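Student: Pasting final-v9.txt below, which is compact mmCIF, N, CA and C atoms.
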```txt
# COMPACT_ATOMS: atom_id res chain seq x y z
N MET A 99 0.81 -1.19 0.00
CA MET A 99 0.00 0.00 0.00
C MET A 99 0.86 1.26 0.00
N GLU A 100 2.13 1.16 0.36
CA GLU A 100 2.98 2.34 0.37
C GLU A 100 3.21 2.83 -1.05
N GLY A 101 3.30 4.13 -1.22
CA GLY A 101 3.58 4.71 -2.50
C GLY A 101 2.36 4.96 -3.36
N ARG A 102 1.19 4.98 -2.77
CA ARG A 102 -0.04 5.16 -3.53
C ARG A 102 -0.83 6.31 -2.92
N MET A 103 -1.52 7.04 -3.76
CA MET A 103 -2.38 8.14 -3.31
C MET A 103 -3.83 7.79 -3.62
N PRO A 104 -4.78 8.36 -2.88
CA PRO A 104 -6.19 8.05 -3.13
C PRO A 104 -6.63 8.51 -4.53
N SER A 105 -7.51 7.71 -5.12
CA SER A 105 -8.04 8.05 -6.44
C SER A 105 -9.32 8.87 -6.28
N LEU A 106 -9.84 9.34 -7.40
CA LEU A 106 -11.08 10.12 -7.39
C LEU A 106 -12.24 9.29 -6.84
N LYS A 107 -12.27 8.02 -7.19
CA LYS A 107 -13.33 7.14 -6.68
C LYS A 107 -13.28 7.06 -5.16
N GLU A 108 -12.09 7.01 -4.61
CA GLU A 108 -11.94 6.93 -3.16
C GLU A 108 -12.37 8.23 -2.47
N TYR A 109 -12.11 9.36 -3.11
CA TYR A 109 -12.58 10.64 -2.56
C TYR A 109 -14.10 10.69 -2.53
N VAL A 110 -14.72 10.28 -3.61
CA VAL A 110 -16.19 10.29 -3.67
C VAL A 110 -16.77 9.30 -2.67
N ALA A 111 -16.16 8.12 -2.59
CA ALA A 111 -16.63 7.13 -1.63
C ALA A 111 -16.49 7.62 -0.20
N SER A 112 -15.41 8.32 0.09
CA SER A 112 -15.22 8.83 1.45
C SER A 112 -16.23 9.93 1.76
N ALA A 113 -16.55 10.77 0.77
CA ALA A 113 -17.56 11.81 0.99
C ALA A 113 -18.93 11.17 1.25
N LEU A 114 -19.26 10.14 0.49
CA LEU A 114 -20.53 9.45 0.73
C LEU A 114 -20.54 8.75 2.08
N LEU A 115 -19.42 8.16 2.45
CA LEU A 115 -19.32 7.51 3.76
C LEU A 115 -19.42 8.53 4.89
N ALA A 116 -18.90 9.72 4.67
CA ALA A 116 -18.98 10.76 5.69
C ALA A 116 -20.40 11.31 5.84
N ASP A 117 -21.19 11.29 4.77
CA ASP A 117 -22.53 11.87 4.81
C ASP A 117 -23.65 10.87 5.09
N ALA A 118 -23.50 9.65 4.68
CA ALA A 118 -24.59 8.68 4.77
C ALA A 118 -25.11 8.46 6.20
N PRO A 119 -24.25 8.25 7.21
CA PRO A 119 -24.80 8.08 8.56
C PRO A 119 -25.56 9.31 9.05
N GLY A 120 -25.08 10.49 8.70
CA GLY A 120 -25.79 11.70 9.08
C GLY A 120 -27.16 11.80 8.44
N TRP A 121 -27.24 11.41 7.15
CA TRP A 121 -28.53 11.43 6.47
C TRP A 121 -29.50 10.43 7.10
N LEU A 122 -28.98 9.27 7.50
CA LEU A 122 -29.84 8.28 8.17
C LEU A 122 -30.32 8.80 9.52
N VAL A 123 -29.45 9.48 10.24
CA VAL A 123 -29.84 10.05 11.53
C VAL A 123 -30.89 11.14 11.32
N ILE A 124 -30.71 11.97 10.29
CA ILE A 124 -31.70 13.02 10.01
C ILE A 124 -33.06 12.39 9.70
N ALA A 125 -33.07 11.34 8.89
CA ALA A 125 -34.33 10.66 8.55
C ALA A 125 -34.97 10.05 9.79
N LEU A 126 -34.18 9.41 10.61
CA LEU A 126 -34.70 8.78 11.82
C LEU A 126 -35.23 9.82 12.80
N ILE A 127 -34.50 10.88 12.99
CA ILE A 127 -34.93 11.93 13.93
C ILE A 127 -36.17 12.63 13.43
N SER A 128 -36.26 12.87 12.12
CA SER A 128 -37.46 13.52 11.60
C SER A 128 -38.68 12.63 11.77
N TYR A 129 -38.49 11.33 11.70
CA TYR A 129 -39.60 10.40 11.93
C TYR A 129 -40.00 10.38 13.41
N ILE A 130 -39.00 10.35 14.29
CA ILE A 130 -39.28 10.27 15.74
C ILE A 130 -39.88 11.57 16.26
N THR A 131 -39.37 12.71 15.79
CA THR A 131 -39.84 13.99 16.33
C THR A 131 -41.26 14.33 15.92
N GLU A 132 -41.81 13.60 14.95
CA GLU A 132 -43.23 13.79 14.64
C GLU A 132 -44.10 13.38 15.82
N TYR A 133 -43.61 12.44 16.59
CA TYR A 133 -44.36 11.93 17.72
C TYR A 133 -43.90 12.48 19.06
N MET A 134 -42.65 12.86 19.15
CA MET A 134 -42.11 13.34 20.42
C MET A 134 -41.45 14.69 20.19
N LYS A 135 -42.14 15.77 20.46
CA LYS A 135 -41.62 17.12 20.22
C LYS A 135 -40.49 17.49 21.17
N GLU A 136 -40.34 16.78 22.27
CA GLU A 136 -39.29 17.09 23.24
C GLU A 136 -37.89 16.82 22.69
N LEU A 137 -37.79 15.96 21.69
CA LEU A 137 -36.48 15.59 21.15
C LEU A 137 -35.90 16.63 20.20
N LEU A 138 -36.66 17.63 19.84
CA LEU A 138 -36.17 18.63 18.90
C LEU A 138 -34.92 19.35 19.40
N SER A 139 -34.83 19.58 20.69
CA SER A 139 -33.66 20.29 21.22
C SER A 139 -32.40 19.42 21.18
N VAL A 140 -32.57 18.12 21.28
CA VAL A 140 -31.43 17.20 21.27
C VAL A 140 -31.06 16.79 19.84
N ALA A 141 -32.00 16.94 18.92
CA ALA A 141 -31.82 16.44 17.56
C ALA A 141 -30.62 17.08 16.86
N GLU A 142 -30.45 18.37 17.01
CA GLU A 142 -29.34 19.05 16.33
C GLU A 142 -27.99 18.52 16.81
N ALA A 143 -27.86 18.32 18.11
CA ALA A 143 -26.60 17.81 18.65
C ALA A 143 -26.32 16.40 18.15
N ILE A 144 -27.35 15.59 18.05
CA ILE A 144 -27.17 14.22 17.55
C ILE A 144 -26.77 14.24 16.08
N ILE A 145 -27.38 15.09 15.29
CA ILE A 145 -27.06 15.19 13.87
C ILE A 145 -25.62 15.64 13.67
N VAL A 146 -25.22 16.67 14.38
CA VAL A 146 -23.85 17.20 14.25
C VAL A 146 -22.83 16.15 14.72
N ALA A 147 -23.12 15.45 15.80
CA ALA A 147 -22.20 14.42 16.30
C ALA A 147 -22.07 13.27 15.30
N SER A 148 -23.17 12.89 14.67
CA SER A 148 -23.09 11.79 13.70
C SER A 148 -22.27 12.19 12.48
N PHE A 149 -22.40 13.44 12.03
CA PHE A 149 -21.58 13.89 10.91
C PHE A 149 -20.11 13.98 11.31
N LEU A 150 -19.82 14.43 12.51
CA LEU A 150 -18.44 14.52 12.97
C LEU A 150 -17.79 13.14 13.03
N ILE A 151 -18.45 12.19 13.65
CA ILE A 151 -17.89 10.85 13.80
C ILE A 151 -17.70 10.18 12.45
N SER A 152 -18.69 10.28 11.59
CA SER A 152 -18.57 9.62 10.28
C SER A 152 -17.50 10.27 9.41
N THR A 153 -17.30 11.59 9.52
CA THR A 153 -16.25 12.25 8.75
C THR A 153 -14.87 11.89 9.27
N ILE A 154 -14.72 11.78 10.57
CA ILE A 154 -13.44 11.35 11.14
C ILE A 154 -13.09 9.95 10.65
N ILE A 155 -14.05 9.04 10.69
CA ILE A 155 -13.80 7.66 10.26
C ILE A 155 -13.47 7.62 8.77
N SER A 156 -14.22 8.35 7.99
CA SER A 156 -14.00 8.37 6.54
C SER A 156 -12.62 8.92 6.20
N SER A 157 -12.25 10.02 6.82
CA SER A 157 -10.95 10.62 6.57
C SER A 157 -9.82 9.70 7.04
N TYR A 158 -10.00 9.08 8.17
CA TYR A 158 -8.99 8.16 8.69
C TYR A 158 -8.74 7.01 7.72
N LEU A 159 -9.82 6.44 7.20
CA LEU A 159 -9.68 5.29 6.31
C LEU A 159 -9.00 5.66 4.99
N ILE A 160 -9.33 6.80 4.44
CA ILE A 160 -8.72 7.20 3.18
C ILE A 160 -7.28 7.67 3.39
N CYS A 161 -7.02 8.36 4.46
CA CYS A 161 -5.66 8.87 4.70
C CYS A 161 -4.68 7.74 5.03
N ARG A 162 -5.18 6.62 5.45
CA ARG A 162 -4.28 5.47 5.68
C ARG A 162 -3.66 5.00 4.38
N VAL A 163 -4.33 5.22 3.27
CA VAL A 163 -3.82 4.81 1.96
C VAL A 163 -2.68 5.72 1.50
N ALA A 164 -2.79 6.99 1.81
CA ALA A 164 -1.83 7.98 1.31
C ALA A 164 -0.49 7.86 2.01
N TYR A 165 0.55 8.23 1.30
CA TYR A 165 1.88 8.21 1.90
C TYR A 165 2.42 9.61 2.17
N ARG A 166 1.69 10.63 1.69
CA ARG A 166 2.11 12.02 1.95
C ARG A 166 0.88 12.92 1.89
N ASP A 167 1.02 14.14 2.32
CA ASP A 167 -0.04 15.16 2.28
C ASP A 167 -1.34 14.69 2.91
N ARG A 168 -1.26 14.04 4.04
CA ARG A 168 -2.46 13.48 4.65
C ARG A 168 -3.42 14.55 5.15
N VAL A 169 -2.90 15.62 5.72
CA VAL A 169 -3.78 16.67 6.23
C VAL A 169 -4.51 17.36 5.07
N LYS A 170 -3.81 17.57 3.98
CA LYS A 170 -4.45 18.14 2.80
C LYS A 170 -5.55 17.22 2.27
N ILE A 171 -5.31 15.93 2.29
CA ILE A 171 -6.31 14.96 1.85
C ILE A 171 -7.50 14.97 2.80
N GLY A 172 -7.25 15.05 4.10
CA GLY A 172 -8.33 15.13 5.07
C GLY A 172 -9.17 16.38 4.90
N LEU A 173 -8.52 17.50 4.62
CA LEU A 173 -9.24 18.73 4.35
C LEU A 173 -10.08 18.60 3.08
N THR A 174 -9.53 17.98 2.07
CA THR A 174 -10.27 17.76 0.82
C THR A 174 -11.48 16.87 1.05
N ILE A 175 -11.31 15.85 1.86
CA ILE A 175 -12.43 14.95 2.16
C ILE A 175 -13.53 15.70 2.91
N GLY A 176 -13.14 16.51 3.88
CA GLY A 176 -14.13 17.29 4.62
C GLY A 176 -14.89 18.26 3.73
N LEU A 177 -14.18 18.97 2.86
CA LEU A 177 -14.84 19.91 1.96
C LEU A 177 -15.71 19.20 0.92
N THR A 178 -15.24 18.06 0.42
CA THR A 178 -16.04 17.29 -0.53
C THR A 178 -17.32 16.78 0.13
N ALA A 179 -17.20 16.33 1.36
CA ALA A 179 -18.38 15.86 2.09
C ALA A 179 -19.37 16.99 2.31
N VAL A 180 -18.87 18.18 2.60
CA VAL A 180 -19.75 19.34 2.80
C VAL A 180 -20.47 19.69 1.51
N MET A 181 -19.73 19.73 0.40
CA MET A 181 -20.36 20.07 -0.88
C MET A 181 -21.42 19.05 -1.27
N LEU A 182 -21.11 17.78 -1.08
CA LEU A 182 -22.08 16.73 -1.39
C LEU A 182 -23.29 16.82 -0.47
N ASN A 183 -23.03 17.11 0.78
CA ASN A 183 -24.10 17.25 1.76
C ASN A 183 -25.04 18.41 1.41
N ILE A 184 -24.47 19.55 1.09
CA ILE A 184 -25.27 20.72 0.73
C ILE A 184 -26.07 20.44 -0.55
N PHE A 185 -25.44 19.78 -1.51
CA PHE A 185 -26.12 19.45 -2.77
C PHE A 185 -27.34 18.58 -2.52
N PHE A 186 -27.17 17.49 -1.79
CA PHE A 186 -28.29 16.57 -1.57
C PHE A 186 -29.36 17.15 -0.65
N LEU A 187 -28.94 17.86 0.38
CA LEU A 187 -29.93 18.43 1.28
C LEU A 187 -30.70 19.57 0.62
N SER A 188 -30.09 20.27 -0.32
CA SER A 188 -30.82 21.32 -1.04
C SER A 188 -31.81 20.72 -2.03
N ILE A 189 -31.52 19.55 -2.54
CA ILE A 189 -32.45 18.88 -3.45
C ILE A 189 -33.65 18.33 -2.70
N PHE A 190 -33.40 17.67 -1.58
CA PHE A 190 -34.46 16.95 -0.89
C PHE A 190 -35.22 17.75 0.15
N GLY A 191 -34.75 18.88 0.48
CA GLY A 191 -35.46 19.69 1.46
C GLY A 191 -34.64 20.87 1.91
N ARG A 192 -35.31 21.78 2.55
CA ARG A 192 -34.59 22.95 3.05
C ARG A 192 -33.79 22.60 4.28
N ILE A 193 -32.71 23.31 4.41
CA ILE A 193 -31.87 23.13 5.59
C ILE A 193 -31.56 24.53 6.13
N PRO A 194 -31.69 24.73 7.41
CA PRO A 194 -31.39 26.05 7.98
C PRO A 194 -29.92 26.42 7.79
N ILE A 195 -29.67 27.70 7.56
CA ILE A 195 -28.31 28.16 7.27
C ILE A 195 -27.37 27.93 8.46
N PHE A 196 -27.88 28.03 9.68
CA PHE A 196 -27.00 27.79 10.83
C PHE A 196 -26.56 26.34 10.89
N LEU A 197 -27.40 25.42 10.44
CA LEU A 197 -27.01 24.01 10.41
C LEU A 197 -25.99 23.76 9.30
N VAL A 198 -26.10 24.47 8.19
CA VAL A 198 -25.11 24.35 7.12
C VAL A 198 -23.74 24.82 7.61
N ILE A 199 -23.73 25.92 8.35
CA ILE A 199 -22.47 26.44 8.88
C ILE A 199 -21.88 25.47 9.90
N GLU A 200 -22.73 24.90 10.75
CA GLU A 200 -22.25 23.91 11.71
C GLU A 200 -21.69 22.69 11.01
N LEU A 201 -22.39 22.20 9.99
CA LEU A 201 -21.92 21.02 9.28
C LEU A 201 -20.62 21.31 8.52
N LEU A 202 -20.50 22.51 7.98
CA LEU A 202 -19.26 22.89 7.30
C LEU A 202 -18.09 22.82 8.27
N SER A 203 -18.24 23.44 9.41
CA SER A 203 -17.13 23.44 10.38
C SER A 203 -16.87 22.05 10.94
N VAL A 204 -17.93 21.29 11.21
CA VAL A 204 -17.75 19.96 11.80
C VAL A 204 -17.11 19.00 10.81
N GLN A 205 -17.54 19.04 9.55
CA GLN A 205 -16.98 18.09 8.59
C GLN A 205 -15.56 18.44 8.18
N VAL A 206 -15.24 19.70 8.08
CA VAL A 206 -13.86 20.08 7.80
C VAL A 206 -12.97 19.70 8.99
N PHE A 207 -13.44 19.98 10.19
CA PHE A 207 -12.69 19.60 11.39
C PHE A 207 -12.53 18.09 11.47
N GLY A 208 -13.59 17.34 11.18
CA GLY A 208 -13.52 15.89 11.22
C GLY A 208 -12.56 15.32 10.19
N GLY A 209 -12.56 15.90 8.99
CA GLY A 209 -11.62 15.45 7.97
C GLY A 209 -10.18 15.68 8.36
N VAL A 210 -9.89 16.84 8.90
CA VAL A 210 -8.53 17.15 9.33
C VAL A 210 -8.14 16.32 10.55
N LEU A 211 -9.08 16.10 11.47
CA LEU A 211 -8.78 15.30 12.66
C LEU A 211 -8.48 13.84 12.29
N GLY A 212 -9.25 13.28 11.37
CA GLY A 212 -8.97 11.91 10.92
C GLY A 212 -7.60 11.81 10.27
N ALA A 213 -7.26 12.80 9.45
CA ALA A 213 -5.93 12.81 8.81
C ALA A 213 -4.83 12.98 9.85
N TYR A 214 -5.06 13.82 10.83
CA TYR A 214 -4.06 14.05 11.88
C TYR A 214 -3.83 12.77 12.69
N MET A 215 -4.90 12.01 12.91
CA MET A 215 -4.75 10.75 13.63
C MET A 215 -3.85 9.77 12.87
N VAL A 216 -4.01 9.71 11.56
CA VAL A 216 -3.16 8.85 10.74
C VAL A 216 -1.72 9.38 10.74
N GLU A 217 -1.57 10.69 10.66
CA GLU A 217 -0.24 11.29 10.65
C GLU A 217 0.50 10.99 11.96
N ARG A 218 -0.19 11.10 13.08
CA ARG A 218 0.43 10.81 14.37
C ARG A 218 0.80 9.33 14.49
N LYS A 219 -0.06 8.48 13.95
CA LYS A 219 0.19 7.04 14.03
C LYS A 219 1.36 6.63 13.14
N ALA A 220 1.55 7.33 12.04
CA ALA A 220 2.62 6.99 11.09
C ALA A 220 3.99 7.37 11.63
N LYS A 221 4.07 8.30 12.56
CA LYS A 221 5.38 8.74 13.08
C LYS A 221 5.91 7.80 14.13
```
Could the structure of this file be written out as structure tokens, please?

Tutor:
Amino acid sequence: MEGRMPSLKEYVASALLADAPGWLVIALISYITEYMKELLSVAEAIIVASFLISTIISSYLICRVAYRDRVKIGLTIGLTAVMLNIFFLSIFGRIPIFLVIELLSVQVFGGVLGAYMVERKAK
């Protein structure tokens, strides 16, 4: 595996992997909150946490393949996940602008954190 960099397919796959659990959580929470209005205050924190965890995992897995520029790759994964997330959420429904800003910061941070974890492990 040494001496190889991630391909375009791997970047797209990592962006989908970073977004898919969050989309499932959004769908599940929207279904549950129809019946339990008390969960609305907790829903945002759960959504943001699911995007953070999935982006860290996605970035970690892809950055393990790379032999250099891991932080740059992690940043690219975070930004790609944000763009894909905004694209799909704008198609399927409205999303509040404050949640977009939160997801932008969380996914970029998660991508860089996953890359940093690989970088620390490689030393």

Student: Using only C-alpha atoms, can you tell me which of A:Arg102, A:Val198, A:Thr131, A:Tyr109 comes closest to Ile175 in chain A?

Tutor: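 Closest residue, counting only C-alpha atoms: A:Tyr109.
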
Student: Taking all atoms listed in the file into account, name the residue in A:Ile130, A:Val163, A:Ala113, A:Leu177 that is nearest to Phe207 in chain A.

Tutor: A:Leu177

Student: Can you tell me, as a PyMOL selection string, which residues in chain A count as alpha helix (DSSP H) by DSSP?

Tutor: chain A and resi 106-130+138-161+168-190+195-220

Student: Between A:Val216, A:Ile154, A:Ile189, A:Ala179, which has the minimum distance to Leu202 in chain A (counting all atoms listed in the file)?

Tutor: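 Going through A:Val216, A:Ile154, A:Ile189, A:Ala179 one by one, the smallest distance to Leu202 in chain A is for A:Ala179.
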
Student: My list of candidates is A:Leu211, A:Thr178, A:Val110, A:Gly172. Which is closest to Ile151 in chain A when distances are computed with only C-alpha atoms?

Tutor: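 Residue with the minimum atom-to-atom distance to Ile151 in chain A: A:Leu211.
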
Student: Could you check which of A:Ile193, A:Leu115, A:Ala213, A:Ile155 is closest to Leu173 in chain A, using all atoms listed in the file?

Tutor: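 Distance minimum relative to Leu173 in chain A lands on A:Ala213.
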
Student: When you count all atoms listed in the file, which of these residues is closest to Ser112 in chain A: A:Tyr129, A:Lys170, A:Ile160, A:Tyr165?

Tutor: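 Of A:Tyr129, A:Lys170, A:Ile160, A:Tyr165, the one nearest Ser112 in chain A, counting all atoms listed in the file, is A:Ile160.
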
Student: Could you please determine the separation between atom C of Ser148 in chain A and atom C of Ala220 in chain A in Å, to one decimal place?

Tutor: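 Between atom C of Ser148 in chain A and atom C of Ala220 in chain A the gap is 26.7 Å.
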
Student: In Å to one decimal, how far is atom N of Leu159 in chain A from CA of Ile124 in chain A?

Tutor: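 The value is 23.0 Å.
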
Student: What does the distance between CA of Phe149 in chain A and CA of Ile184 in chain A come to in Å, to one decimal place?

Tutor: 12.8 Å
